[in-house]
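Below is final_6.cif, which holds mmCIF, C-alpha atoms.
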data_data
loop_
_atom_site.label_atom_id
_atom_site.label_comp_id
_atom_site.auth_asym_id
_atom_site.auth_seq_id
_atom_site.Cartn_x
_atom_site.Cartn_y
_atom_site.Cartn_z
CA MET F 1 -90.25 87.42 31.78
CA SER F 2 -89.34 87.41 28.07
CA LYS F 3 -85.78 88.50 28.88
CA LEU F 4 -85.40 85.61 31.31
CA LEU F 5 -86.71 83.18 28.70
CA LEU F 6 -84.24 84.57 26.17
CA VAL F 7 -81.30 84.12 28.59
CA VAL F 8 -82.34 80.53 29.42
CA THR F 9 -82.77 79.71 25.73
CA LEU F 10 -79.34 81.12 24.89
CA CYS F 11 -77.68 79.18 27.70
CA LEU F 12 -79.36 75.92 26.76
CA GLY F 13 -78.59 76.54 23.10
CA ALA F 14 -74.87 76.94 23.82
CA ALA F 15 -74.85 73.68 25.77
CA ALA F 16 -76.52 71.91 22.88
CA PHE F 17 -73.67 72.96 20.57
CA ALA F 18 -70.89 71.92 22.96
CA CYS F 19 -68.81 68.99 21.85
CA LYS F 20 -69.80 65.53 22.97
CA CYS F 21 -67.41 62.73 22.09
CA PRO F 22 -65.80 59.66 23.65
CA THR F 23 -62.70 60.56 25.64
CA ASP F 24 -61.33 57.12 26.50
CA SER F 25 -59.36 56.34 23.30
CA THR F 26 -55.59 56.01 23.66
CA PHE F 27 -52.88 57.91 21.81
CA LEU F 28 -52.13 54.93 19.56
CA ASP F 29 -55.87 54.49 18.84
CA ASN F 30 -55.93 58.09 17.59
CA ALA F 31 -52.55 58.11 15.81
CA MET F 32 -53.78 56.48 12.63
CA GLY F 33 -54.51 59.86 11.05
CA GLY F 34 -53.04 63.33 11.26
CA SER F 35 -49.55 64.68 11.74
CA VAL F 36 -47.74 63.06 14.64
CA VAL F 37 -44.92 65.33 15.76
CA VAL F 38 -42.51 65.97 18.60
CA VAL F 39 -42.70 69.64 19.57
CA ASN F 40 -41.29 72.17 21.99
CA VAL F 41 -43.89 74.53 23.50
CA VAL F 42 -42.95 78.17 22.86
CA GLU F 43 -46.05 79.97 24.15
CA VAL F 44 -49.42 78.87 25.57
CA GLY F 45 -52.59 80.95 25.19
CA GLU F 46 -56.21 80.29 26.11
CA GLN F 47 -57.22 78.75 22.78
CA SER F 48 -53.96 78.28 20.91
CA MET F 49 -50.30 77.61 21.54
CA LYS F 50 -47.14 78.17 19.54
CA VAL F 51 -44.79 75.23 19.16
CA THR F 52 -41.69 74.39 17.16
CA VAL F 53 -41.62 71.03 15.43
CA GLU F 54 -38.56 69.10 16.55
CA ARG F 55 -39.27 65.84 14.76
CA GLN F 56 -41.91 64.37 12.44
CA LEU F 57 -43.01 60.85 13.39
CA ALA F 58 -45.76 60.28 10.81
CA GLY F 59 -48.49 61.86 8.71
CA PRO F 60 -48.63 65.09 6.71
CA LYS F 61 -45.37 67.00 7.04
CA LEU F 62 -45.05 69.90 9.46
CA SER F 63 -41.91 71.86 10.26
CA GLY F 64 -40.75 75.02 11.95
CA ALA F 65 -43.12 77.15 14.00
CA VAL F 66 -46.73 75.97 14.16
CA VAL F 67 -49.81 77.37 15.92
CA VAL F 68 -51.85 74.59 17.56
CA GLU F 69 -55.57 75.20 18.01
CA GLY F 70 -57.09 74.12 21.31
CA GLY F 71 -60.59 74.12 22.75
CA ASP F 72 -62.84 77.16 22.58
CA GLY F 73 -65.78 75.70 24.50
CA GLY F 74 -67.74 74.84 21.39
CA ASN F 75 -65.41 72.58 19.44
CA CYS F 76 -63.99 69.17 20.25
CA ASN F 77 -60.42 70.39 20.66
CA ALA F 78 -58.45 69.78 23.84
CA SER F 79 -57.84 72.33 26.56
CA LEU F 80 -54.31 73.71 26.48
CA ARG F 81 -54.24 74.65 30.18
CA THR F 82 -52.04 71.72 31.19
CA PHE F 83 -49.18 72.65 28.83
CA THR F 84 -46.28 74.91 29.78
CA LYS F 85 -43.62 76.87 27.95
CA GLY F 86 -40.51 74.76 27.35
CA GLN F 87 -42.34 71.44 27.60
CA ARG F 88 -41.64 68.71 25.04
CA LEU F 89 -44.70 66.90 23.73
CA VAL F 90 -45.76 64.34 21.16
CA LEU F 91 -48.93 65.61 19.47
CA ILE F 92 -51.42 64.33 16.93
CA LEU F 93 -52.53 67.38 14.93
CA SER F 94 -55.29 67.38 12.34
CA GLY F 95 -56.64 69.71 9.71
CA PRO F 96 -55.27 72.90 8.21
CA LYS F 97 -55.53 74.69 11.57
CA HIS F 98 -53.47 72.02 13.38
CA ASP F 99 -56.27 71.12 15.77
CA LEU F 100 -55.43 69.23 18.96
CA ASN F 101 -58.47 67.00 19.33
CA GLY F 102 -59.94 66.52 22.80
CA CYS F 103 -61.70 63.23 22.02
CA GLY F 104 -59.29 60.83 23.66
CA ALA F 105 -55.52 61.10 24.05
CA HIS F 106 -53.89 63.24 21.34
CA SER F 107 -50.89 64.37 23.37
CA LEU F 108 -48.12 62.77 25.40
CA THR F 109 -45.42 64.42 27.47
CA LEU F 110 -41.86 63.60 26.52
CA GLU F 111 -39.21 63.14 29.19
CA LYS F 112 -35.73 61.96 28.16
CA ASP F 113 -37.14 60.42 24.95
CA VAL F 114 -39.82 58.48 26.85
CA ALA F 115 -43.41 59.35 25.95
CA LYS F 116 -45.75 59.43 28.95
CA GLY F 117 -49.53 59.50 29.16
CA VAL F 118 -52.31 57.28 27.85
CA VAL F 119 -50.13 55.63 25.19
CA ALA F 120 -52.12 52.41 24.71
CA GLU F 121 -54.49 50.23 26.69
CA GLY F 122 -52.69 49.66 30.02
CA VAL F 123 -49.51 51.41 28.78
CA LYS F 124 -48.53 54.70 30.43
CA SER F 125 -45.03 55.15 28.97
CA MET F 126 -43.06 54.06 25.91
CA PRO F 127 -39.64 54.91 24.44
CA LEU F 128 -39.97 57.40 21.60
CA SER F 129 -38.34 55.02 19.08
CA GLN F 130 -40.91 52.32 19.88
CA LEU F 131 -43.76 54.84 19.77
CA GLU F 132 -42.61 56.05 16.35
CA ALA F 133 -42.67 52.47 14.99
CA ARG F 134 -46.14 51.83 16.45
CA VAL F 135 -47.50 55.11 15.02
CA ALA F 136 -46.10 54.29 11.56
CA GLU F 137 -47.70 50.84 11.77
CA ALA F 138 -51.08 52.33 12.78
CA GLN F 139 -51.02 54.83 9.92
CA LYS F 140 -50.03 52.17 7.39
CA LYS F 141 -52.90 49.90 8.48
CA TYR F 142 -55.35 52.79 8.29
CA GLU F 143 -54.20 53.74 4.78
CA GLN F 144 -54.69 50.13 3.68
CA PHE F 145 -58.16 50.10 5.22
CA ILE F 146 -59.13 53.34 3.45
CA LYS F 147 -57.88 51.99 0.11
CA GLY F 148 -60.14 48.96 0.56
CA GLY F 149 -57.52 46.45 1.56
CA GLY F 150 -58.47 46.21 5.12
#

Step by step, read the file and then write its structure as structure tokens.
Amino acid sequence: MSKLLLVVTLCLGAAAFACKCPTDSTFLDNAMGGSVVVVNVVEVGEQSMKVTVERQLAGPKLSGAVVVEGGDGGNCNASLRTFTKGQRLVLILSGPKHDLNGCGAHSLTLEKDVAKGVVAEGVKSMPLSQLEARVAEAQKKYEQFIKGGG
């Protein structure tokens, strides 16, 4: 009986630590912070993927090869299962480990310089040049807000 109680407690305890966050925010809602980059997927693993940065759109500078951290079942990072080697993406990465957050849209697919996914409310695709301008605008407004001007 005590072993069963221990197993139930451990299972319930793990569920209590699982991430709970809103998942309905759009890419542009989330783009106000972090590094926003265009990448090529080199390799996809269970909890991380290797990418090469093709272009920096905004935020802290990243270049070359980068390891992106995905979900491990206990953090709020996104699952990497939908990504494939050779795919071009626009990602919002945060923190020193280049986390790909799973709370809302933090990734878009890129096809012929058109970003596709949950770009903005009611917007499922946008040319990369327009997306870059909108991301820069979002980050500028956020910086002003943080500095007390907003």

Item checked: Point-to-point distance in Å for CA of Leu93 (chain F) and CA of Val51 (chain F) -> 11.8 Å

Next item on the list: Check which residues satisfy the PyMOL selection byres ((chain F and resi 90) around 8) in the file shown, then give them as a list in words.
Entry: Val36, Val37, Val38, Val39, Arg88, Leu89, Leu91, Ile92, Ser107, Leu108, Thr109, Leu110 and Ala115 of chain F

Hey, can you spit out that residue selection with C-alpha atoms as a PDB file, in the coordinates of the input?
ATOM      1  CA  VAL F  36     -47.740  63.060  14.640  1.00  0.00           C
ATOM      2  CA  VAL F  37     -44.920  65.330  15.760  1.00  0.00           C
ATOM      3  CA  VAL F  38     -42.510  65.970  18.600  1.00  0.00           C
ATOM      4  CA  VAL F  39     -42.700  69.640  19.570  1.00  0.00           C
ATOM      5  CA  ARG F  88     -41.640  68.710  25.040  1.00  0.00           C
ATOM      6  CA  LEU F  89     -44.700  66.900  23.730  1.00  0.00           C
ATOM      7  CA  LEU F  91     -48.930  65.610  19.470  1.00  0.00           C
ATOM      8  CA  ILE F  92     -51.420  64.330  16.930  1.00  0.00           C
ATOM      9  CA  SER F 107     -50.890  64.370  23.370  1.00  0.00           C
ATOM     10  CA  LEU F 108     -48.120  62.770  25.400  1.00  0.00           C
ATOM     11  CA  THR F 109     -45.420  64.420  27.470  1.00  0.00           C
ATOM     12  CA  LEU F 110     -41.860  63.600  26.520  1.00  0.00           C
ATOM     13  CA  ALA F 115     -43.410  59.350  25.950  1.00  0.00           C
TER      14      ALA F 115
END

Note to self: Using all atoms listed in the file and a cutoff of 12 Å, can you tell me which residues are near (-44.5, 52.0, 27.6) in the file's coordinates, and write them out as a list in words?
What the structure shows: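 Within 12 Å of (-44.5, 52.0, 27.6), the protein and nucleic acid residues are Phe27, Leu28, Leu108, Leu110, Asp113, Val114, Ala115, Lys116, Gly117, Val118, Val119, Ala120, Glu121, Gly122, Val123, Lys124, Ser125, Met126, Pro127, Leu128, Ser129, Gln130, Leu131 and Arg134 of chain F.
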
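The shortest atom-to-atom distance to Pro22 (chain F), with only C-alpha atoms taken into account, belongs to F:Ala105 out of F:Val53, F:Ala105, F:Val42, F:Leu100.
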
Note to self: What does the structure give for the distance between CA of Asp99 (chain F) and CA of Glu69 (chain F), in Å to one decimal?
What the structure shows: 4.7 Å

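Coordinates place CA of Thr84 (chain F) at a distance of 22.9 Å from CA of Gly34 (chain F).
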
Next item on the list: Quick one: everything within 10 Å of Gln47 (chain F), counting all atoms listed in the file, minus sequence neighbours fewer than 2 positions away in the same chain. Send it as a list of chain:residue names.
Entry: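 Surrounding residues, per the criterion: F:Val44, F:Gly45, F:Met49, F:Val68, F:Glu69, F:Gly70, F:Gly71, F:Asp72, F:Gly73, F:Asn77, F:Ala78, F:Ser79, F:Leu80, F:Arg81.
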
Residue selection dump (C-alpha atoms) as a PDB file, keeping the file's coordinate frame:
ATOM      1  CA  VAL F  44     -49.420  78.870  25.570  1.00  0.00           C
ATOM      2  CA  GLY F  45     -52.590  80.950  25.190  1.00  0.00           C
ATOM      3  CA  MET F  49     -50.300  77.610  21.540  1.00  0.00           C
ATOM      4  CA  VAL F  68     -51.850  74.590  17.560  1.00  0.00           C
ATOM      5  CA  GLU F  69     -55.570  75.200  18.010  1.00  0.00           C
ATOM      6  CA  GLY F  70     -57.090  74.120  21.310  1.00  0.00           C
ATOM      7  CA  GLY F  71     -60.590  74.120  22.750  1.00  0.00           C
ATOM      8  CA  ASP F  72     -62.840  77.160  22.580  1.00  0.00           C
ATOM      9  CA  GLY F  73     -65.780  75.700  24.500  1.00  0.00           C
ATOM     10  CA  ASN F  77     -60.420  70.390  20.660  1.00  0.00           C
ATOM     11  CA  ALA F  78     -58.450  69.780  23.840  1.00  0.00           C
ATOM     12  CA  SER F  79     -57.840  72.330  26.560  1.00  0.00           C
ATOM     13  CA  LEU F  80     -54.310  73.710  26.480  1.00  0.00           C
ATOM     14  CA  ARG F  81     -54.240  74.650  30.180  1.00  0.00           C
TER      15      ARG F  81
END

Note to self: Take the PyMOL selection byres ((chain F and resi 64) around 10), run it mentally on this structure, and tell me the resulting residues as a ChimeraX atom specification.
What the structure shows: /F:39,51-55,62-63,65-66

Next item on the list: Evaluate the PyMOL selection byres ((chain F and resi 135-145) around 9) on the structure here and hand back the selected residues as a list of chain:residue names.
Entry: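 So the PyMOL selection byres ((chain F and resi 135-145) around 9), applied here, picks out F:Leu28, F:Asp29, F:Asn30, F:Ala31, F:Met32, F:Gly33, F:Gly34, F:Val36, F:Leu57, F:Ala58, F:Gly59, F:Gln130, F:Leu131, F:Glu132, F:Ala133, F:Arg134, F:Ile146, F:Lys147, F:Gly148, F:Gly149, F:Gly150.
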
List the neighbours of Val41 (chain F) out to 6 Å using only C-alpha atoms; skip same-chain residues closer than 4 positions along the sequence, and give me the result as a short mmCIF file (atom, residue, chain, number, x, y, z; two decimals) with C-alpha atoms, keeping the file's coordinate frame.
data_model
loop_
_atom_site.label_atom_id
_atom_site.label_comp_id
_atom_site.auth_asym_id
_atom_site.auth_seq_id
_atom_site.Cartn_x
_atom_site.Cartn_y
_atom_site.Cartn_z
CA VAL F 51 -44.79 75.23 19.16
CA LYS F 85 -43.62 76.87 27.95
CA GLY F 86 -40.51 74.76 27.35
CA GLN F 87 -42.34 71.44 27.60
#

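Counting all atoms listed in the file, the residue from F:Asn40, F:Val67, F:Gln56, F:Lys112 that sits nearest to Phe83 (chain F) is F:Asn40.
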
Item checked: Nearest-residue call for Thr23 (chain F), choices F:Lys61, F:Thr82, F:Cys76, F:Ser94, using all atoms listed in the file ->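 Looking only at the distances to Thr23 (chain F), the closest residue turns out to be F:Cys76.
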